[in-house]
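Here's entry12.txt, which has compact mmCIF, N, CA and C atoms:
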```
# COMPACT_ATOMS: atom_id res chain seq x y z
N MET A 16 109.78 131.50 94.18
CA MET A 16 110.27 130.84 95.37
C MET A 16 110.93 129.53 94.95
N ASP A 17 112.17 129.35 95.32
CA ASP A 17 112.87 128.10 95.06
C ASP A 17 112.68 127.18 96.26
N THR A 18 112.39 125.92 95.97
CA THR A 18 112.24 124.92 97.03
C THR A 18 112.91 123.63 96.59
N ILE A 19 113.07 122.73 97.52
CA ILE A 19 113.64 121.42 97.22
C ILE A 19 112.53 120.38 97.31
N TRP A 20 112.49 119.51 96.34
CA TRP A 20 111.62 118.35 96.26
C TRP A 20 110.18 118.70 95.94
N LEU A 21 109.51 119.53 96.73
CA LEU A 21 108.14 119.94 96.47
C LEU A 21 108.10 121.44 96.18
N GLY A 22 106.98 121.90 95.64
CA GLY A 22 106.80 123.33 95.43
C GLY A 22 106.34 124.01 96.71
N GLY A 23 106.29 125.32 96.70
CA GLY A 23 105.90 126.08 97.88
C GLY A 23 104.51 125.73 98.39
N ALA A 24 103.53 125.58 97.48
CA ALA A 24 102.17 125.24 97.89
C ALA A 24 102.12 123.86 98.53
N GLU A 25 102.91 122.93 98.00
CA GLU A 25 102.95 121.59 98.57
C GLU A 25 103.58 121.60 99.97
N TRP A 26 104.65 122.38 100.15
CA TRP A 26 105.27 122.47 101.48
C TRP A 26 104.30 123.09 102.48
N LEU A 27 103.51 124.06 102.05
CA LEU A 27 102.49 124.63 102.94
C LEU A 27 101.43 123.59 103.28
N ALA A 28 101.09 122.74 102.31
CA ALA A 28 100.13 121.67 102.58
C ALA A 28 100.70 120.68 103.60
N VAL A 29 101.99 120.36 103.47
CA VAL A 29 102.64 119.47 104.44
C VAL A 29 102.56 120.09 105.83
N LEU A 30 102.84 121.38 105.93
CA LEU A 30 102.77 122.08 107.21
C LEU A 30 101.34 122.05 107.76
N ARG A 31 100.36 122.31 106.90
CA ARG A 31 98.95 122.28 107.31
C ARG A 31 98.54 120.90 107.80
N ILE A 32 98.90 119.88 107.07
CA ILE A 32 98.53 118.51 107.44
C ILE A 32 99.23 118.11 108.74
N GLY A 33 100.50 118.48 108.88
CA GLY A 33 101.23 118.18 110.12
C GLY A 33 100.59 118.86 111.32
N LEU A 34 100.16 120.11 111.16
CA LEU A 34 99.48 120.81 112.24
C LEU A 34 98.15 120.12 112.55
N GLY A 35 97.45 119.69 111.53
CA GLY A 35 96.20 118.96 111.75
C GLY A 35 96.42 117.67 112.52
N LEU A 36 97.49 116.95 112.18
CA LEU A 36 97.81 115.72 112.91
C LEU A 36 98.16 116.01 114.37
N TRP A 37 98.80 117.15 114.61
CA TRP A 37 99.12 117.58 115.98
C TRP A 37 97.83 117.79 116.76
N TRP A 38 96.86 118.47 116.14
CA TRP A 38 95.56 118.69 116.80
C TRP A 38 94.84 117.36 117.03
N LEU A 39 94.90 116.46 116.05
CA LEU A 39 94.25 115.16 116.23
C LEU A 39 94.90 114.36 117.35
N GLU A 40 96.21 114.47 117.49
CA GLU A 40 96.89 113.79 118.61
C GLU A 40 96.47 114.41 119.94
N SER A 41 96.31 115.71 119.98
CA SER A 41 95.83 116.38 121.19
C SER A 41 94.45 115.85 121.57
N TRP A 42 93.60 115.66 120.57
CA TRP A 42 92.26 115.12 120.80
C TRP A 42 92.34 113.65 121.22
N ARG A 43 93.16 112.86 120.53
CA ARG A 43 93.24 111.42 120.77
C ARG A 43 93.71 111.10 122.18
N HIS A 44 94.69 111.84 122.68
CA HIS A 44 95.25 111.46 123.98
C HIS A 44 94.46 112.01 125.17
N LYS A 45 93.43 112.81 124.91
CA LYS A 45 92.62 113.31 126.02
C LYS A 45 91.82 112.17 126.65
N ASP A 46 91.72 112.19 127.97
CA ASP A 46 90.88 111.24 128.69
C ASP A 46 89.44 111.75 128.58
N LYS A 47 88.75 111.32 127.52
CA LYS A 47 87.41 111.85 127.27
C LYS A 47 86.43 111.50 128.37
N LYS A 48 86.56 110.33 128.94
CA LYS A 48 85.68 109.96 130.05
C LYS A 48 85.90 110.91 131.23
N GLY A 49 87.15 111.22 131.51
CA GLY A 49 87.46 112.18 132.57
C GLY A 49 86.92 113.57 132.26
N TRP A 50 87.10 114.01 131.01
CA TRP A 50 86.62 115.34 130.61
C TRP A 50 85.09 115.41 130.68
N PHE A 51 84.41 114.40 130.14
CA PHE A 51 82.96 114.47 130.00
C PHE A 51 82.20 114.02 131.25
N GLU A 52 82.69 112.99 131.93
CA GLU A 52 81.95 112.45 133.06
C GLU A 52 82.40 113.02 134.40
N ARG A 53 83.69 113.25 134.54
CA ARG A 53 84.20 113.74 135.83
C ARG A 53 84.60 115.21 135.79
N GLY A 54 84.62 115.81 134.61
CA GLY A 54 84.93 117.23 134.48
C GLY A 54 86.38 117.58 134.79
N THR A 55 87.30 116.65 134.55
CA THR A 55 88.70 116.85 134.94
C THR A 55 89.38 117.99 134.18
N GLY A 56 89.12 118.10 132.90
CA GLY A 56 89.80 119.13 132.10
C GLY A 56 89.39 120.54 132.51
N ILE A 57 88.11 120.75 132.65
CA ILE A 57 87.62 122.08 133.03
C ILE A 57 87.97 122.38 134.49
N ALA A 58 87.97 121.36 135.34
CA ALA A 58 88.37 121.57 136.74
C ALA A 58 89.83 122.00 136.82
N TRP A 59 90.67 121.37 136.00
CA TRP A 59 92.09 121.76 135.97
C TRP A 59 92.22 123.20 135.49
N ALA A 60 91.50 123.55 134.42
CA ALA A 60 91.55 124.92 133.88
C ALA A 60 91.02 125.93 134.90
N ALA A 61 89.99 125.55 135.64
CA ALA A 61 89.43 126.44 136.67
C ALA A 61 90.47 126.72 137.75
N ASP A 62 91.22 125.70 138.12
CA ASP A 62 92.27 125.88 139.12
C ASP A 62 93.36 126.81 138.59
N VAL A 63 93.75 126.64 137.34
CA VAL A 63 94.75 127.51 136.73
C VAL A 63 94.23 128.94 136.66
N ALA A 64 92.98 129.10 136.21
CA ALA A 64 92.40 130.45 136.08
C ALA A 64 92.26 131.13 137.43
N ALA A 65 91.90 130.38 138.46
CA ALA A 65 91.71 130.96 139.80
C ALA A 65 93.01 131.55 140.36
N LYS A 66 94.14 130.97 139.96
CA LYS A 66 95.45 131.43 140.45
C LYS A 66 96.13 132.42 139.50
N HIS A 67 95.46 132.72 138.39
CA HIS A 67 96.07 133.56 137.36
C HIS A 67 96.28 134.97 137.89
N ARG A 68 97.40 135.58 137.53
CA ARG A 68 97.68 136.93 138.02
C ARG A 68 96.91 138.01 137.27
N TRP A 69 96.36 137.68 136.11
CA TRP A 69 95.60 138.65 135.34
C TRP A 69 94.12 138.52 135.68
N ASN A 70 93.55 139.58 136.19
CA ASN A 70 92.14 139.59 136.58
C ASN A 70 91.23 139.28 135.39
N ALA A 71 91.59 139.74 134.21
CA ALA A 71 90.75 139.49 133.02
C ALA A 71 90.60 138.00 132.75
N VAL A 72 91.65 137.23 133.00
CA VAL A 72 91.57 135.78 132.79
C VAL A 72 90.65 135.16 133.82
N ARG A 73 90.82 135.55 135.07
CA ARG A 73 89.96 135.01 136.14
C ARG A 73 88.50 135.36 135.89
N SER A 74 88.22 136.62 135.64
CA SER A 74 86.82 137.04 135.46
C SER A 74 86.23 136.48 134.16
N GLY A 75 87.05 136.41 133.11
CA GLY A 75 86.57 135.83 131.85
C GLY A 75 86.22 134.36 132.00
N PHE A 76 87.07 133.62 132.70
CA PHE A 76 86.80 132.21 132.94
C PHE A 76 85.53 132.05 133.77
N ASP A 77 85.41 132.86 134.82
CA ASP A 77 84.23 132.79 135.70
C ASP A 77 82.95 133.14 134.96
N ALA A 78 83.04 134.03 133.98
CA ALA A 78 81.84 134.45 133.24
C ALA A 78 81.47 133.48 132.13
N VAL A 79 82.46 132.92 131.45
CA VAL A 79 82.17 132.13 130.26
C VAL A 79 82.20 130.62 130.53
N VAL A 80 83.23 130.14 131.21
CA VAL A 80 83.44 128.70 131.34
C VAL A 80 82.80 128.13 132.61
N ALA A 81 83.03 128.76 133.74
CA ALA A 81 82.59 128.21 135.02
C ALA A 81 81.09 127.92 135.10
N PRO A 82 80.22 128.76 134.53
CA PRO A 82 78.78 128.47 134.62
C PRO A 82 78.33 127.25 133.81
N ARG A 83 79.15 126.81 132.87
CA ARG A 83 78.75 125.69 131.99
C ARG A 83 79.93 124.74 131.75
N PRO A 84 80.44 124.11 132.80
CA PRO A 84 81.63 123.27 132.64
C PRO A 84 81.43 122.07 131.72
N ARG A 85 80.29 121.44 131.78
CA ARG A 85 80.06 120.26 130.94
C ARG A 85 80.04 120.65 129.46
N ALA A 86 79.30 121.70 129.13
CA ALA A 86 79.23 122.15 127.73
C ALA A 86 80.61 122.59 127.25
N MET A 87 81.36 123.29 128.08
CA MET A 87 82.69 123.76 127.67
C MET A 87 83.67 122.60 127.47
N ALA A 88 83.49 121.52 128.23
CA ALA A 88 84.34 120.34 128.01
C ALA A 88 84.11 119.80 126.61
N TYR A 89 82.86 119.71 126.20
CA TYR A 89 82.54 119.24 124.85
C TYR A 89 83.06 120.22 123.80
N VAL A 90 82.91 121.51 124.04
CA VAL A 90 83.40 122.51 123.10
C VAL A 90 84.90 122.36 122.87
N VAL A 91 85.66 122.26 123.96
CA VAL A 91 87.12 122.16 123.85
C VAL A 91 87.53 120.88 123.13
N VAL A 92 87.02 119.76 123.58
CA VAL A 92 87.43 118.47 123.02
C VAL A 92 87.05 118.36 121.55
N TYR A 93 85.82 118.73 121.22
CA TYR A 93 85.40 118.58 119.83
C TYR A 93 85.89 119.70 118.93
N ALA A 94 86.25 120.83 119.48
CA ALA A 94 86.91 121.88 118.68
C ALA A 94 88.27 121.38 118.22
N GLU A 95 89.00 120.72 119.12
CA GLU A 95 90.31 120.17 118.72
C GLU A 95 90.15 119.12 117.63
N LEU A 96 89.14 118.27 117.74
CA LEU A 96 88.88 117.26 116.70
C LEU A 96 88.52 117.94 115.38
N ALA A 97 87.62 118.92 115.42
CA ALA A 97 87.19 119.60 114.20
C ALA A 97 88.34 120.33 113.52
N VAL A 98 89.16 121.01 114.30
CA VAL A 98 90.32 121.71 113.73
C VAL A 98 91.26 120.70 113.09
N GLY A 99 91.55 119.61 113.79
CA GLY A 99 92.45 118.59 113.25
C GLY A 99 91.94 117.99 111.96
N LEU A 100 90.69 117.58 111.93
CA LEU A 100 90.12 116.99 110.72
C LEU A 100 90.08 118.00 109.57
N GLY A 101 89.68 119.23 109.88
CA GLY A 101 89.63 120.27 108.85
C GLY A 101 90.98 120.52 108.21
N LEU A 102 92.02 120.51 109.03
CA LEU A 102 93.36 120.77 108.49
C LEU A 102 93.92 119.57 107.74
N VAL A 103 93.70 118.37 108.23
CA VAL A 103 94.24 117.19 107.55
C VAL A 103 93.61 117.00 106.18
N VAL A 104 92.29 117.11 106.09
CA VAL A 104 91.63 116.91 104.79
C VAL A 104 91.50 118.20 104.00
N GLY A 105 91.77 119.33 104.63
CA GLY A 105 91.69 120.61 103.93
C GLY A 105 90.27 121.03 103.65
N LEU A 106 89.37 120.84 104.61
CA LEU A 106 87.99 121.25 104.46
C LEU A 106 87.71 122.44 105.37
N LEU A 107 87.23 123.54 104.76
CA LEU A 107 87.03 124.80 105.50
C LEU A 107 88.34 125.19 106.19
N THR A 108 89.40 125.05 105.46
CA THR A 108 90.75 125.24 106.01
C THR A 108 90.96 126.60 106.67
N PRO A 109 90.54 127.72 106.06
CA PRO A 109 90.75 129.00 106.76
C PRO A 109 90.01 129.06 108.09
N VAL A 110 88.82 128.48 108.14
CA VAL A 110 88.05 128.44 109.39
C VAL A 110 88.79 127.61 110.42
N ALA A 111 89.30 126.44 110.01
CA ALA A 111 90.04 125.58 110.92
C ALA A 111 91.31 126.26 111.41
N LEU A 112 92.00 126.97 110.52
CA LEU A 112 93.23 127.67 110.92
C LEU A 112 92.95 128.78 111.92
N VAL A 113 91.91 129.56 111.68
CA VAL A 113 91.55 130.63 112.61
C VAL A 113 91.09 130.03 113.94
N GLY A 114 90.27 128.97 113.87
CA GLY A 114 89.83 128.30 115.10
C GLY A 114 90.98 127.75 115.91
N GLY A 115 91.92 127.10 115.24
CA GLY A 115 93.10 126.57 115.93
C GLY A 115 93.96 127.68 116.51
N LEU A 116 94.12 128.75 115.74
CA LEU A 116 94.90 129.90 116.23
C LEU A 116 94.26 130.48 117.49
N LEU A 117 92.95 130.63 117.48
CA LEU A 117 92.26 131.16 118.67
C LEU A 117 92.38 130.22 119.86
N LEU A 118 92.24 128.92 119.62
CA LEU A 118 92.43 127.96 120.72
C LEU A 118 93.83 128.07 121.30
N ASN A 119 94.85 128.09 120.43
CA ASN A 119 96.22 128.21 120.92
C ASN A 119 96.45 129.49 121.69
N LEU A 120 95.88 130.60 121.21
CA LEU A 120 96.05 131.85 121.93
C LEU A 120 95.34 131.82 123.29
N LEU A 121 94.16 131.20 123.34
CA LEU A 121 93.47 131.04 124.62
C LEU A 121 94.29 130.18 125.58
N TYR A 122 94.81 129.06 125.07
CA TYR A 122 95.64 128.18 125.90
C TYR A 122 96.89 128.93 126.36
N LEU A 123 97.49 129.68 125.45
CA LEU A 123 98.70 130.43 125.77
C LEU A 123 98.45 131.44 126.90
N VAL A 124 97.35 132.16 126.81
CA VAL A 124 97.03 133.16 127.84
C VAL A 124 96.68 132.47 129.16
N LEU A 125 95.87 131.42 129.10
CA LEU A 125 95.48 130.73 130.34
C LEU A 125 96.70 130.15 131.05
N MET A 126 97.61 129.59 130.29
CA MET A 126 98.77 128.91 130.88
C MET A 126 100.04 129.74 130.73
N ILE A 127 99.91 131.05 130.82
CA ILE A 127 101.03 131.96 130.59
C ILE A 127 102.22 131.67 131.50
N HIS A 128 101.96 131.08 132.65
CA HIS A 128 103.03 130.82 133.61
C HIS A 128 103.53 129.38 133.56
N ASP A 129 102.97 128.56 132.67
CA ASP A 129 103.38 127.16 132.54
C ASP A 129 104.30 127.05 131.32
N TRP A 130 105.59 127.21 131.54
CA TRP A 130 106.54 127.26 130.43
C TRP A 130 106.59 125.96 129.64
N ALA A 131 106.21 124.85 130.24
CA ALA A 131 106.23 123.57 129.52
C ALA A 131 105.25 123.58 128.35
N GLU A 132 104.13 124.27 128.50
CA GLU A 132 103.12 124.31 127.44
C GLU A 132 103.32 125.45 126.45
N GLN A 133 104.07 126.46 126.82
CA GLN A 133 104.14 127.66 126.00
C GLN A 133 104.78 127.42 124.63
N GLY A 134 105.80 126.59 124.58
CA GLY A 134 106.45 126.33 123.30
C GLY A 134 105.50 125.70 122.30
N GLN A 135 104.74 124.72 122.77
CA GLN A 135 103.78 124.04 121.89
C GLN A 135 102.73 125.02 121.38
N ASN A 136 102.14 125.79 122.27
CA ASN A 136 101.09 126.72 121.85
C ASN A 136 101.63 127.82 120.95
N ALA A 137 102.81 128.32 121.25
CA ALA A 137 103.40 129.36 120.41
C ALA A 137 103.71 128.83 119.01
N MET A 138 104.28 127.63 118.93
CA MET A 138 104.63 127.07 117.62
C MET A 138 103.38 126.71 116.82
N MET A 139 102.36 126.17 117.47
CA MET A 139 101.13 125.85 116.75
C MET A 139 100.45 127.13 116.26
N ALA A 140 100.48 128.19 117.05
CA ALA A 140 99.91 129.47 116.63
C ALA A 140 100.69 130.03 115.44
N LEU A 141 102.01 129.94 115.49
CA LEU A 141 102.84 130.42 114.39
C LEU A 141 102.56 129.64 113.10
N ILE A 142 102.46 128.33 113.20
CA ILE A 142 102.16 127.51 112.03
C ILE A 142 100.78 127.87 111.47
N SER A 143 99.82 128.08 112.36
CA SER A 143 98.48 128.49 111.91
C SER A 143 98.53 129.79 111.13
N ALA A 144 99.27 130.76 111.64
CA ALA A 144 99.37 132.06 110.95
C ALA A 144 100.06 131.91 109.60
N VAL A 145 101.15 131.16 109.55
CA VAL A 145 101.86 130.95 108.28
C VAL A 145 100.96 130.23 107.28
N ALA A 146 100.28 129.20 107.73
CA ALA A 146 99.39 128.45 106.84
C ALA A 146 98.22 129.30 106.37
N LEU A 147 97.70 130.15 107.25
CA LEU A 147 96.59 131.02 106.88
C LEU A 147 97.02 132.05 105.85
N PHE A 148 98.09 132.78 106.13
CA PHE A 148 98.53 133.83 105.21
C PHE A 148 99.20 133.27 103.96
N GLY A 149 99.69 132.02 104.04
CA GLY A 149 100.24 131.36 102.87
C GLY A 149 99.18 130.62 102.06
N MET A 150 97.93 130.67 102.53
CA MET A 150 96.80 130.01 101.86
C MET A 150 97.11 128.53 101.62
N ALA A 151 97.35 127.82 102.71
CA ALA A 151 97.80 126.43 102.64
C ALA A 151 96.74 125.46 102.15
N TRP A 152 95.61 125.94 101.72
CA TRP A 152 94.55 125.09 101.18
C TRP A 152 94.62 125.00 99.66
N GLN A 153 95.65 125.58 99.04
CA GLN A 153 95.74 125.63 97.58
C GLN A 153 96.00 124.28 96.94
N THR A 154 96.54 123.35 97.69
CA THR A 154 96.83 122.03 97.14
C THR A 154 96.59 120.97 98.20
N TRP A 155 96.32 119.76 97.74
CA TRP A 155 96.07 118.61 98.62
C TRP A 155 94.97 118.91 99.63
N SER A 156 93.89 119.51 99.18
CA SER A 156 92.79 119.83 100.09
C SER A 156 91.45 119.66 99.38
N LEU A 157 90.43 119.36 100.18
CA LEU A 157 89.08 119.33 99.62
C LEU A 157 88.66 120.73 99.19
N ASP A 158 89.10 121.74 99.92
CA ASP A 158 88.79 123.12 99.52
C ASP A 158 89.25 123.39 98.10
N SER A 159 90.44 122.95 97.76
CA SER A 159 90.99 123.15 96.42
C SER A 159 90.20 122.35 95.39
N ALA A 160 89.86 121.12 95.72
CA ALA A 160 89.11 120.26 94.80
C ALA A 160 87.72 120.83 94.52
N ILE A 161 87.10 121.40 95.54
CA ILE A 161 85.76 121.99 95.40
C ILE A 161 85.83 123.36 94.74
N GLY A 162 86.97 124.04 94.90
CA GLY A 162 87.13 125.38 94.36
C GLY A 162 86.82 126.48 95.36
N TRP A 163 86.80 126.12 96.64
CA TRP A 163 86.54 127.10 97.69
C TRP A 163 87.80 127.89 98.01
N PHE A 164 87.63 129.13 98.40
CA PHE A 164 88.70 130.00 98.88
C PHE A 164 89.81 130.19 97.85
N SER A 165 89.46 130.24 96.59
CA SER A 165 90.46 130.41 95.53
C SER A 165 91.02 131.81 95.52
```
Starting from the coordinates I provided, produce the structure as structure tokens.
Amino acid sequence: MDTIWLGGAEWLAVLRIGLGLWWLESWRHKDKKGWFERGTGIAWAADVAAKHRWNAVRSGFDAVVAPRPRAMAYVVVYAELAVGLGLVVGLLTPVALVGGLLLNLLYLVLMIHDWAEQGQNAMMALISAVALFGMAWQTWSLDSAIGWFS
């Protein structure tokens, strides 16, 4: 593979780190007080799910998220933080990439009719897949330094 300036593994690391920074920004800009104390994030998602045209989304949300809104708020917010940190430092990178991919796919399905969000979720999912199959933890990562996932 011919590249400019950096090698292929380094460019994949740049992509991985950039995706991690994107997840960290998603975590940083969340109104955590609103999510944790007032339940704003899950309430918004409940409203979206209630109007969703796919019954599987409505029933899935009602079965998994609705009975435990406070716990799910913590799961969502801290999953974004964990994915971001894992990708930036390259720790448990394949786990972080799969976790981020699943979050993006869940967001994509939940907000299937909100075109403003679809580009972001689709691109983040694509980057996750490329970084996963390109093994983006090969360089500039704690995984590489430790010798994990070689």
Determine the nearest neighbour of Gly149 of chain A from the options A:Ala28, A:Leu21, A:Ala111, A:Val72, counting only C-alpha atoms.
->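 Closest residue, counting only C-alpha atoms: A:Ala28.
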Of the candidates A:Arg31, A:Leu125, A:Gln153, A:Leu107, which shows the shortest atom-to-atom distance to Ala64 of chain A, using all atoms listed in the file?
-> A:Leu125
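Atom C of Asp62 of chain A sits 11.3 Å away from atom N of His128 of chain A.
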Which of these residues is nearest to Val92 of chain A, using only N, CA and C atoms: A:Gly115, A:Lys45, A:Gln133, A:Arg73?
->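 Counting only N, CA and C atoms, the residue closest to Val92 of chain A is A:Lys45.
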Near Ser41 of chain A, counting only C-alpha atoms, which residues have an atom at most 12 Å away, once you skip same-chain residues fewer than 5 positions from it, shown as an MDAnalysis selection string?
-> chainID A and resid 34:36 46:47 91:100 115 119 135:136 139
Length of the atom C of Asn70 of chain A to atom CA of Tyr89 of chain A vector [Å] =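 Answer for the atom C of Asn70 of chain A to atom CA of Tyr89 of chain A separation: 24.3 Å.
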Closest of A:Met16, A:Ala160, A:Leu121, A:Ala88 to Glu52 of chain A - atom-to-atom distances counting only C-alpha atoms |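 Between A:Met16, A:Ala160, A:Leu121, A:Ala88, the residue approaching Glu52 of chain A most closely is A:Ala88.
The coordinates place atom C of Phe76 of chain A at 26.7 Å from atom CA of Trp37 of chain A.
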